[in-house]
Structure formats: structure tokens, C-alpha cells
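Visitor: Just dropping this structure here.
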Amino acid sequence: MRHAVKCGSKDQKAMRRYISLFVFLVLTTLVATIARAFPPGDWYEALAKPEWTPPGWLFGPVWSLLYLFIAIAGWLVWRSKGLGLALLFWFAQLTFNGLWSYFMFGLNEIDSAMIDIALLWLAIAGFILTSWRVSRLAALMFVPYLAWVSFAAALNFAVLKLNS
């Protein structure tokens, strides 16, 4: 009988672990869905862009992988530490991430998108720095995200300058 209780406890812990992973995946998917609600469209196509602008088809696969990393990284920190500064940075970056498409493609405000992506970059860097002691894997999973957002910020800035 005692063994059955112990197994039930392990099963409950495993279930809670997977439910919490599911929550992080859902939160990240929700932000990705919000971002997709504001596609580039004709307005963006008509803008002057630098010659080093990547092809449109590249954004979907890159963001899909990054969103998966974002969810898992947040979950790893949650499992290790719970709510703390690293997770606050995680929620901040998720918020700024979702707002960027709204500013850029929803409102057609390149300058507001530029401010947002700068805040996004700071939140990502903040997560990397604060999660390093909690989960190095989580911090490392955000490095490609920081690199991509750095590139996106440079592209955002170039588009802003070319169309001012």
C-alpha cells in the first residue's frame, strides 16, 4: 500500500511537470498567434528595405523554432526556481514580442516598433543574465533568439531610416 502512494505521488509530480510545460507552450503559442494576426501585407511590401532583407519564407520556420525554445526556456526556469526575476524578464520579452507585430504591421508605426524591439532585446538579455544561475540550458536557448532579434532590430532600424 505504501508503494502505491509513493507511485501516485511521482505520477502527480510528473503530471504537474507536463501541465506546466503545456502552459508555457500555450502562452508562447498565443503570442505567436497574435503576431500572425498582423501580417506584413501590402504596406510593408511597398516600403523601401535594405538589400540584406531575408526572404519572407524564412521568418515562419525561424520563429517556429524560436517560440519552441522560448517556451521550453521559460518552463525550465519555472521548474528550477519558480517565479523570480528571470521569469519576470521571460514574461516581459513575451509581451514585447507580441506587441512588435502590432506596432509594425497593425499600426504601421515603424518608430514604435523600433522602441518595442529595443525593449524586447533588453528583456531577452535580462532573461539570459538572470537565468544563467538557474538553468544554463534555458539561458543558452535564448542566445539564438537574441541573435535573431538583434538582426531584426537592425532591419527595423534600416527600414525606419529608408522610409523616413
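By convention here, the chains of the C-alpha cells are called A, B, ... in the order presented, each chain's residues are numbered starting at 1, and ligands are numbered starting at 1 in the order presented.
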Compile the contact shell of Leu76 in chain A as a list of chain:residue names: residues with an atom at most 7 Å away, counting only C-alpha atoms, same-chain residues fewer than 4 positions apart removed.

Guide: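 My reading of the contact set: A:Ile72, A:Ser80, A:Ser135, A:Ala138.
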
Visitor: Can you pull out the residues contacting Thr95 in chain A? Cut-off 12 Å, using only C-alpha atoms, and skip same-chain residues under 3 positions away; I want them as JSON, numbers by chain.

Guide: {"A": [27, 28, 30, 31, 32, 34, 35, 88, 89, 90, 91, 92, 98, 99, 100, 101, 102, 116, 117, 119, 120, 121, 123, 124]}

Visitor: May I ask for the distance between CA of Trp52 in chain A and CA of Ala71 in chain A, given in Å to one decimal place?

Guide: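 If I compute the distance from CA of Trp52 in chain A to CA of Ala71 in chain A, I get 29.2 Å.
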
Visitor: Excluding Lys49 in chain A and any residue of its chain fewer than 5 positions from it, enumerate the residues within 10 Å of it, using only C-alpha atoms, and give them as number ranges by chain.

Guide: A: 44, 155-156, 158-163

Visitor: Keeping only N, CA, C and O atoms, take the residues you just selected and write them out as a CSV table (one decimal), in the first residue's frame.

Guide:
```
chain,number,residue,atom,x,y,z
A,44,TYR,N,3.8,46.8,-46.0
A,44,TYR,CA,5.2,46.5,-45.8
A,44,TYR,C,5.9,46.2,-47.1
A,44,TYR,O,7.1,46.6,-47.3
A,155,LEU,N,17.3,45.4,-39.0
A,155,LEU,CA,16.4,45.5,-40.2
A,155,LEU,C,15.3,46.6,-39.9
A,155,LEU,O,15.1,47.4,-40.8
A,156,ASN,N,14.8,46.6,-38.7
A,156,ASN,CA,13.8,47.6,-38.3
A,156,ASN,C,14.3,49.0,-38.4
A,156,ASN,O,13.7,49.9,-39.0
A,158,ALA,N,16.9,49.9,-40.3
A,158,ALA,CA,17.2,50.3,-41.7
A,158,ALA,C,15.9,50.6,-42.4
A,158,ALA,O,15.9,51.6,-43.2
A,159,VAL,N,14.8,49.9,-42.1
A,159,VAL,CA,13.5,50.2,-42.7
A,159,VAL,C,13.1,51.6,-42.3
A,159,VAL,O,12.5,52.4,-43.1
A,160,LEU,N,13.2,51.9,-41.0
A,160,LEU,CA,12.9,53.2,-40.5
A,160,LEU,C,13.6,54.3,-41.2
A,160,LEU,O,13.1,55.3,-41.6
A,161,LYS,N,14.9,54.2,-41.3
A,161,LYS,CA,15.8,55.2,-42.0
A,161,LYS,C,15.4,55.3,-43.5
A,161,LYS,O,15.4,56.4,-44.0
A,162,LEU,N,15.2,54.2,-44.1
A,162,LEU,CA,15.0,54.3,-45.6
A,162,LEU,C,13.6,54.9,-45.9
A,162,LEU,O,13.4,55.3,-47.0
A,163,ASN,N,12.7,54.8,-44.9
A,163,ASN,CA,11.3,55.3,-45.2
A,163,ASN,C,11.0,56.5,-44.3
A,163,ASN,O,9.8,56.9,-44.3
```

Visitor: Record the distance separating CA of Ser150 in chain A and CA of Met114 in chain A, expressed in Å with one decimal.

Guide: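 Atom-to-atom, CA of Ser150 in chain A and CA of Met114 in chain A are spaced 11.4 Å apart.
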
Visitor: Distance CA of Leu85 in chain A-CA of Arg133 in chain A, one decimal place?

Guide: 11.7 Å

Visitor: What's the 10 Å shell around Tyr18 in chain A, counting only C-alpha atoms, without same-chain residues fewer than 6 positions away, as a ChimeraX atom specification?

Guide: /A:12,24,75

Visitor: Contacts of Gly41 in chain A at 10 Å or less, counting only C-alpha atoms, minus same-chain residues fewer than 5 places along, as a compact mmCIF listing (two decimals) with N, CA and C atoms, in the first residue's frame?

Guide:
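Output file result36.txt is given in full below:
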```txt
# COMPACT_ATOMS: atom_id res chain seq x y z
N ALA A 46 5.45 47.56 -49.89
CA ALA A 46 5.70 48.82 -50.60
C ALA A 46 6.85 49.63 -49.99
N PHE A 105 3.06 46.14 -38.13
CA PHE A 105 2.14 45.79 -39.21
C PHE A 105 0.69 46.16 -38.93
N GLY A 106 0.32 46.21 -37.67
CA GLY A 106 -1.05 46.58 -37.33
C GLY A 106 -1.26 48.08 -37.40
```

Visitor: Among the residues of chain A, find those DSSP assigns to alpha helix (DSSP H) from the backbone and print them as a PyMOL selection string.

Guide: chain A and resi 2-36+41-46+59-81+85-101+110-131+136-141+143-162

Visitor: When you look at Val134 in chain A with a cut-off of 8 Å (counting only C-alpha atoms), what residues show up, excluding the ones that are within fewer than 4 positions of it in the same chain? I need them as an MDAnalysis selection string.

Guide: chainID A and resid 77 80:81 130

Visitor: Which is closest to Arg79 in chain A among A:Phe59, A:Met15, A:Leu21, A:Val26, if we use only C-alpha atoms?

Guide: A:Leu21

Visitor: Could you check which of A:Trp57, A:Trp43, A:Trp132, A:Phe69 is closest to Ala86 in chain A, using only C-alpha atoms?

Guide: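 Nearest candidate to Ala86 in chain A out of A:Trp57, A:Trp43, A:Trp132, A:Phe69: A:Trp132.
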
Visitor: In terms of the shortest atom-to-atom distance over only C-alpha atoms, which of A:Ala154, A:Leu87, A:Leu146, A:Leu140 is closest to Ala113 in chain A?

Guide: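 Smallest separation from Ala113 in chain A among the options: A:Ala154.
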